[in-house]
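Below: the structure, in structure tokens.
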Amino acid sequence: MIKTDVVIIGAGPCGLFQVFELGLLGLNAEVVDSIRQPGGQCSELYPDKPIYDIPGIPVCTGEELTENLMKQIEPFGAGLHLGDEVSVVRPEGDGFHVATDGGKQFSAKAVVIAAGVGSFQPRALRAKGADEIGEDSLQYRVRDPEQYAGKNLAILGGGDSALDWVVELGPIAKHITLVHRRDEYRAVDATVAAMRDLEAAGKVTTLENAKVSELQHEDSELRGMIVGNKSGETFEVDIDQMLVFFGLAPKLGPIAEWGLDINRKTINVDTERFETSTPGIFAVGDINYYPGKKKLILCGFHEAALAAFAIKQRIEPGRKVHVQYTTTSPVMHERLGVKDDEE
Ligand code: FAD
């Protein structure tokens, strides 16, 4: 059980900046995100695209913004739990019990939902028979590479993840069939070249401009796949296991079950505290709704600042929370680990 002041659900830009605003007020936080890197949409959907409307930064990419936010929150030592989804949030005593799919448990005085457009989930394969295949044979992420040793493996997709795993599992698997719906790959040149080397060595077969139409199985175990290409050819390939990398799509997921006042796929909050219908649970960034809401990073930053003040007030009732400037406040300098100049 990890005890903390605040659990922040989502490590997108607003969740990360929430750590900073809480840290300035002397509150610690643990951040959980279902994807394996911080940055939310910025790192998942547009890492290389320039952003022009972050105040004081004329231009930066999604990846640069994430790196800078990570650097900015460093002094506060927040726990970062990536690749794990928060599935349970329920009141307990004065605070909340928070639990993840991966078995982590937190006891927190407040919760901030910074879940953006939802939790990113792998896009599922739609093919005849796919629903009948067990999780041991049809997978969307690699948990243990050794599982594929000596197996006939199919990898579906043409992006970084698909190609990285072809290259990494090529020497371990008996054989890999790579199926891609185009003939160009969205991966770094060196990885594509390494995949081509494995193909030349007979370890990998590529089926390009192609789609899996059917999975063959015995009980729930995969036995083969039927692949069709743009030229109208059909291939029947024997396989033991399949890995699918069709990218990630957001889903509101378990948040819908936490008893909050939901407005379509967003959570209603007030504009003074950014608190949800459950006192002590706050929501900032793209996930929240109030009249006039704009889904912009700078709006989420403002919301995180006001939510932090409201949380401080909740945790320390009866004590006035003063605004202090980071420029001049010795307390904030201490929290930031900044040494004041000797007079
Ligand atoms: P997100 O960035 O969506 O992050 C939320 C995180 O929460 C995700 O990583 C998700 O996995 C996680 N999560 C959700 N549910 C759970 C759960 N149950 N457990 C664990 N984790 C969970 N905005 C601008 O201001 N300027 C721009 O120029 C701009 N350009 C954009 C370009 C594109 C192509 C796109 C798609 C968006 C752009 N935006 C821009 C919008 C901006 O990216 C969003 O406003 C911003 O990312 C919202 O941040 P957030 O932290 O609220 O949520």
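For the structure tokens, the naming scheme is as follows: chains receive sequential letters (A, B, ...) according to their order of presentation, residues are indexed from 1 within each chain, and ligands are indexed from 1 in presentation order.
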Legend entry - Residues near segment 86-93 of chain A, cut-off 8 Å, only C-alpha atoms, skip fewer than 5 positions along chain, as a PyMOL selection string: chain A and resi 9+32-34+98-101+254-255+258
Inset, instruction - Skip Lys265 of chain A itself and residues of its chain fewer than 4 positions away, then list as an MDAnalysis selection string all residues within 10 Å of it, counting only C-alpha atoms. - result: chainID A and resid 117:118 251:253 255:256 287:289
Against ligand 1, which residues of chain A fall within 7 Å? For each one I want the closest pair of atoms and the distance in Å (one decimal), counting only C-alpha atoms and all ligand atoms, rows by chain and increasing residue number, as a Markdown table.
| residue | atom | partner | partner_atom_place_in_ligand_line | distance |
| --- | --- | --- | --- | --- |
| A:Ile9 | CA | ligand 1 | 20 (C) | 5.3 |
| A:Gly10 | CA | ligand 1 | 7 (O) | 3.2 |
| A:Ala11 | CA | ligand 1 | 6 (C) | 5.2 |
| A:Gly12 | CA | ligand 1 | 51 (O) | 3.5 |
| A:Pro13 | CA | ligand 1 | 51 (O) | 4.2 |
| A:Cys14 | CA | ligand 1 | 51 (O) | 3.7 |
| A:Gly15 | CA | ligand 1 | 51 (O) | 5.1 |
| A:Val32 | CA | ligand 1 | 20 (C) | 5.2 |
| A:Asp33 | CA | ligand 1 | 21 (N) | 3.4 |
| A:Ser34 | CA | ligand 1 | 21 (N) | 4.2 |
| A:Ile35 | CA | ligand 1 | 11 (O) | 5.1 |
| A:Pro38 | CA | ligand 1 | 9 (O) | 6.7 |
| A:Gly39 | CA | ligand 1 | 2 (O) | 6.1 |
| A:Gly40 | CA | ligand 1 | 9 (O) | 3.4 |
| A:Gln41 | CA | ligand 1 | 2 (O) | 3.9 |
| A:Cys42 | CA | ligand 1 | 43 (O) | 5.2 |
| A:Leu45 | CA | ligand 1 | 36 (C) | 5.8 |
| A:Tyr46 | CA | ligand 1 | 34 (C) | 5.5 |
| A:Ile51 | CA | ligand 1 | 28 (O) | 4.2 |
| A:Tyr52 | CA | ligand 1 | 28 (O) | 5.8 |
| A:Asp53 | CA | ligand 1 | 26 (N) | 5.6 |
| A:Ile54 | CA | ligand 1 | 25 (O) | 6.8 |
| A:Asp84 | CA | ligand 1 | 20 (C) | 6.1 |
| A:Glu85 | CA | ligand 1 | 19 (N) | 3.6 |
| A:Val86 | CA | ligand 1 | 19 (N) | 3.9 |
| A:Ser87 | CA | ligand 1 | 18 (N) | 5.8 |
| A:Ala114 | CA | ligand 1 | 52 (O) | 5.2 |
| A:Ala115 | CA | ligand 1 | 7 (O) | 3.5 |
| A:Gly116 | CA | ligand 1 | 53 (O) | 3.1 |
| A:Val117 | CA | ligand 1 | 3 (O) | 4.9 |
| A:Gly118 | CA | ligand 1 | 14 (C) | 4.0 |
| A:Ser119 | CA | ligand 1 | 14 (C) | 3.3 |
| A:Phe120 | CA | ligand 1 | 11 (O) | 4.5 |
| A:Leu252 | CA | ligand 1 | 15 (N) | 6.4 |
| A:Gly253 | CA | ligand 1 | 18 (N) | 6.4 |
| A:Pro254 | CA | ligand 1 | 18 (N) | 5.9 |
| A:Ile255 | CA | ligand 1 | 18 (N) | 6.0 |
| A:Val284 | CA | ligand 1 | 52 (O) | 6.3 |
| A:Gly285 | CA | ligand 1 | 52 (O) | 3.3 |
| A:Asp286 | CA | ligand 1 | 52 (O) | 4.1 |
| A:Ile287 | CA | ligand 1 | 52 (O) | 6.0 |
| A:Lys295 | CA | ligand 1 | 45 (O) | 4.7 |
| A:Leu296 | CA | ligand 1 | 25 (O) | 3.6 |
| A:Ile297 | CA | ligand 1 | 25 (O) | 3.8 |
| A:Leu298 | CA | ligand 1 | 25 (O) | 5.7 |
| A:Gly300 | CA | ligand 1 | 52 (O) | 6.3 |
Write a file of the just-selected residues containing C-alpha atoms, as a PDB file, in the first residue's frame.
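Okay, result-v5.pdb is ready:
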ATOM      1  CA  ILE A   9      -4.536   9.450 -12.853  1.00  0.00           C
ATOM      2  CA  GLY A  10      -2.819  10.227 -16.169  1.00  0.00           C
ATOM      3  CA  ALA A  11       0.719  11.379 -16.977  1.00  0.00           C
ATOM      4  CA  GLY A  12      -0.259  13.648 -19.864  1.00  0.00           C
ATOM      5  CA  PRO A  13       0.891  17.299 -19.786  1.00  0.00           C
ATOM      6  CA  CYS A  14      -1.834  18.279 -17.293  1.00  0.00           C
ATOM      7  CA  GLY A  15      -1.170  15.353 -14.944  1.00  0.00           C
ATOM      8  CA  VAL A  32      -0.299   6.356 -12.814  1.00  0.00           C
ATOM      9  CA  ASP A  33      -0.634   5.999 -16.588  1.00  0.00           C
ATOM     10  CA  SER A  34      -1.776   3.088 -18.693  1.00  0.00           C
ATOM     11  CA  ILE A  35       0.795   3.799 -21.395  1.00  0.00           C
ATOM     12  CA  PRO A  38       4.749  10.004 -19.906  1.00  0.00           C
ATOM     13  CA  GLY A  39       3.273  12.791 -22.045  1.00  0.00           C
ATOM     14  CA  GLY A  40      -0.233  11.514 -22.897  1.00  0.00           C
ATOM     15  CA  GLN A  41      -1.410  12.658 -26.327  1.00  0.00           C
ATOM     16  CA  CYS A  42       1.774  14.745 -26.801  1.00  0.00           C
ATOM     17  CA  LEU A  45      -0.102  11.001 -30.905  1.00  0.00           C
ATOM     18  CA  TYR A  46       2.244  13.816 -31.988  1.00  0.00           C
ATOM     19  CA  ILE A  51       3.221  23.160 -30.581  1.00  0.00           C
ATOM     20  CA  TYR A  52       3.088  26.968 -30.792  1.00  0.00           C
ATOM     21  CA  ASP A  53       0.722  27.949 -27.975  1.00  0.00           C
ATOM     22  CA  ILE A  54       2.520  27.106 -24.747  1.00  0.00           C
ATOM     23  CA  ASP A  84      -0.726   0.287 -15.481  1.00  0.00           C
ATOM     24  CA  GLU A  85      -4.382   1.342 -15.520  1.00  0.00           C
ATOM     25  CA  VAL A  86      -6.270   2.696 -12.518  1.00  0.00           C
ATOM     26  CA  SER A  87      -9.397   0.579 -12.262  1.00  0.00           C
ATOM     27  CA  ALA A 114      -6.077  13.940 -15.559  1.00  0.00           C
ATOM     28  CA  ALA A 115      -7.129  11.174 -17.923  1.00  0.00           C
ATOM     29  CA  GLY A 116      -7.409  13.253 -21.119  1.00  0.00           C
ATOM     30  CA  VAL A 117      -9.498  11.541 -23.743  1.00  0.00           C
ATOM     31  CA  GLY A 118      -9.253   8.320 -21.737  1.00  0.00           C
ATOM     32  CA  SER A 119      -6.933   5.429 -21.259  1.00  0.00           C
ATOM     33  CA  PHE A 120      -5.035   4.396 -24.383  1.00  0.00           C
ATOM     34  CA  LEU A 252     -12.947   6.316 -21.015  1.00  0.00           C
ATOM     35  CA  GLY A 253     -12.730   2.847 -19.467  1.00  0.00           C
ATOM     36  CA  PRO A 254     -13.170   2.315 -15.712  1.00  0.00           C
ATOM     37  CA  ILE A 255     -13.636   6.066 -14.951  1.00  0.00           C
ATOM     38  CA  VAL A 284      -8.157  18.637 -14.879  1.00  0.00           C
ATOM     39  CA  GLY A 285      -7.261  18.795 -18.569  1.00  0.00           C
ATOM     40  CA  ASP A 286      -9.170  17.298 -21.494  1.00  0.00           C
ATOM     41  CA  ILE A 287     -11.224  14.966 -19.266  1.00  0.00           C
ATOM     42  CA  LYS A 295      -9.346  21.340 -24.678  1.00  0.00           C
ATOM     43  CA  LEU A 296      -6.005  23.141 -24.699  1.00  0.00           C
ATOM     44  CA  ILE A 297      -2.873  22.391 -22.717  1.00  0.00           C
ATOM     45  CA  LEU A 298      -2.614  25.923 -21.304  1.00  0.00           C
ATOM     46  CA  GLY A 300      -5.330  22.414 -18.262  1.00  0.00           C
TER      47      GLY A 300
END
Inset, instruction - Rank nothing, just name the residue among A:Glu67, A:Asp270, A:Asp136, A:Glu275 nearest to Gly292 of chain A, using only C-alpha atoms. - result: A:Asp270
Legend entry - Among the residues A:Gln241, A:Asn152, A:Thr266, A:Ser231, the one that comes closest to Lys293 of chain A [using only C-alpha atoms]: A:Thr266
What are the closest atom pairs, with distances in Å to one decimal, for each residue of segment 5-57 of chain A lying within 9 Å of segment 326-336 of chain A, using only C-alpha atoms, rows by chain and rising residue number, as a Markdown table?
| residue | atom | partner | partner_atom | distance |
| --- | --- | --- | --- | --- |
| A:Gly23 | CA | A:Arg335 | CA | 7.1 |
| A:Leu24 | CA | A:Met332 | CA | 5.9 |
| A:Leu25 | CA | A:Met332 | CA | 7.8 |
| A:Gly26 | CA | A:Arg335 | CA | 6.9 |
Considering only C-alpha atoms, return as a CSV table (one decimal) with N, CA, C and O atoms, in the first residue's frame whatever protein or nucleic-acid residues lie within 12 Å of Val227 of chain A, sequence-local ones (same chain, fewer than 4 positions apart) excluded.
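File selection_13.csv, as written:
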chain,number,residue,atom,x,y,z
A,127,ALA,N,-11.0,-9.9,-37.2
A,127,ALA,CA,-10.9,-11.0,-38.2
A,127,ALA,C,-11.8,-12.1,-37.8
A,127,ALA,O,-12.0,-12.3,-36.5
A,128,LYS,N,-12.3,-12.9,-38.7
A,128,LYS,CA,-13.1,-14.0,-38.4
A,128,LYS,C,-12.4,-15.0,-37.4
A,128,LYS,O,-11.2,-15.3,-37.6
A,154,ALA,N,3.2,-14.8,-35.9
A,154,ALA,CA,2.8,-13.7,-36.8
A,154,ALA,C,2.8,-12.4,-36.1
A,154,ALA,O,2.4,-12.3,-35.0
A,156,LEU,N,1.6,-8.4,-36.7
A,156,LEU,CA,0.7,-7.6,-37.6
A,156,LEU,C,1.0,-6.1,-37.3
A,156,LEU,O,1.0,-5.7,-36.1
A,177,THR,N,6.1,-14.3,-39.5
A,177,THR,CA,5.5,-13.8,-40.7
A,177,THR,C,5.0,-12.4,-40.3
A,177,THR,O,4.2,-12.2,-39.4
A,178,LEU,N,5.5,-11.4,-41.1
A,178,LEU,CA,5.1,-10.0,-40.8
A,178,LEU,C,4.0,-9.6,-41.8
A,178,LEU,O,4.2,-9.7,-43.0
A,179,VAL,N,2.8,-9.2,-41.3
A,179,VAL,CA,1.7,-8.8,-42.2
A,179,VAL,C,1.5,-7.3,-42.0
A,179,VAL,O,1.2,-6.8,-40.9
A,180,HIS,N,1.5,-6.6,-43.2
A,180,HIS,CA,1.3,-5.1,-43.1
A,180,HIS,C,0.4,-4.7,-44.2
A,180,HIS,O,0.5,-5.2,-45.4
A,181,ARG,N,-0.5,-3.8,-43.9
A,181,ARG,CA,-1.5,-3.4,-44.9
A,181,ARG,C,-0.9,-2.5,-46.0
A,181,ARG,O,-1.6,-2.2,-47.0
A,206,THR,N,7.7,-11.5,-45.3
A,206,THR,CA,6.7,-10.3,-45.2
A,206,THR,C,5.6,-10.6,-46.2
A,206,THR,O,5.8,-11.0,-47.3
A,207,LEU,N,4.4,-10.2,-45.7
A,207,LEU,CA,3.2,-10.2,-46.6
A,207,LEU,C,2.7,-8.7,-46.6
A,207,LEU,O,2.2,-8.3,-45.5
A,208,GLU,N,3.0,-8.0,-47.7
A,208,GLU,CA,2.7,-6.6,-47.7
A,208,GLU,C,1.4,-6.3,-48.5
A,208,GLU,O,1.0,-7.1,-49.3
A,209,ASN,N,0.8,-5.1,-48.3
A,209,ASN,CA,-0.5,-4.7,-48.9
A,209,ASN,C,-1.5,-5.8,-48.5
A,209,ASN,O,-2.3,-6.3,-49.4
A,210,ALA,N,-1.4,-6.3,-47.3
A,210,ALA,CA,-2.2,-7.6,-47.0
A,210,ALA,C,-2.9,-7.4,-45.7
A,210,ALA,O,-2.5,-6.6,-44.8
A,211,LYS,N,-3.9,-8.2,-45.5
A,211,LYS,CA,-4.8,-8.2,-44.3
A,211,LYS,C,-5.1,-9.6,-43.8
A,211,LYS,O,-5.4,-10.5,-44.7
A,212,VAL,N,-5.1,-9.8,-42.5
A,212,VAL,CA,-5.6,-11.1,-42.0
A,212,VAL,C,-7.1,-11.2,-42.0
A,212,VAL,O,-7.7,-10.3,-41.5
A,213,SER,N,-7.7,-12.2,-42.7
A,213,SER,CA,-9.1,-12.2,-42.8
A,213,SER,C,-9.7,-13.2,-41.8
A,213,SER,O,-10.9,-13.1,-41.4
A,214,GLU,N,-8.9,-14.3,-41.5
A,214,GLU,CA,-9.5,-15.3,-40.6
A,214,GLU,C,-8.4,-16.0,-39.8
A,214,GLU,O,-7.2,-16.1,-40.2
A,215,LEU,N,-8.7,-16.3,-38.6
A,215,LEU,CA,-7.8,-17.1,-37.7
A,215,LEU,C,-8.3,-18.5,-37.5
A,215,LEU,O,-9.5,-18.6,-37.3
A,216,GLN,N,-7.4,-19.4,-37.7
A,216,GLN,CA,-7.8,-20.8,-37.5
A,216,GLN,C,-7.4,-21.3,-36.1
A,216,GLN,O,-6.3,-21.0,-35.7
A,231,SER,N,-3.6,-7.8,-54.5
A,231,SER,CA,-3.7,-8.5,-55.9
A,231,SER,C,-4.7,-9.6,-55.9
A,231,SER,O,-4.8,-10.3,-56.9
A,232,GLY,N,-5.3,-9.9,-54.8
A,232,GLY,CA,-6.4,-10.9,-54.8
A,232,GLY,C,-5.8,-12.3,-54.4
A,232,GLY,O,-6.5,-13.3,-54.5
A,233,GLU,N,-4.5,-12.3,-54.1
A,233,GLU,CA,-4.0,-13.6,-53.6
A,233,GLU,C,-4.3,-13.9,-52.2
A,233,GLU,O,-4.5,-13.0,-51.4
A,234,THR,N,-4.4,-15.2,-51.9
A,234,THR,CA,-4.7,-15.7,-50.5
A,234,THR,C,-3.6,-16.6,-50.0
A,234,THR,O,-3.2,-17.5,-50.8
A,235,PHE,N,-3.2,-16.4,-48.8
A,235,PHE,CA,-2.1,-17.2,-48.2
A,235,PHE,C,-2.7,-17.9,-46.9
A,235,PHE,O,-3.3,-17.2,-46.1
A,236,GLU,N,-2.4,-19.2,-46.8
A,236,GLU,CA,-2.7,-19.9,-45.5
A,236,GLU,C,-1.4,-20.2,-44.8
A,236,GLU,O,-0.5,-20.8,-45.4
A,237,VAL,N,-1.3,-19.6,-43.6
A,237,VAL,CA,0.0,-19.7,-42.9
A,237,VAL,C,-0.2,-20.4,-41.6
A,237,VAL,O,-1.0,-20.0,-40.8
A,238,ASP,N,0.7,-21.4,-41.3
A,238,ASP,CA,0.6,-22.0,-40.0
A,238,ASP,C,1.3,-21.2,-39.0
A,238,ASP,O,2.4,-20.7,-39.2
Legend entry - Best match for closeness to Ala305 of chain A among A:Gln139, A:Thr205, A:Thr271, A:Ser43, counting only C-alpha atoms: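 Of the candidates, the smallest distance to Ala305 of chain A is held by A:Thr271.
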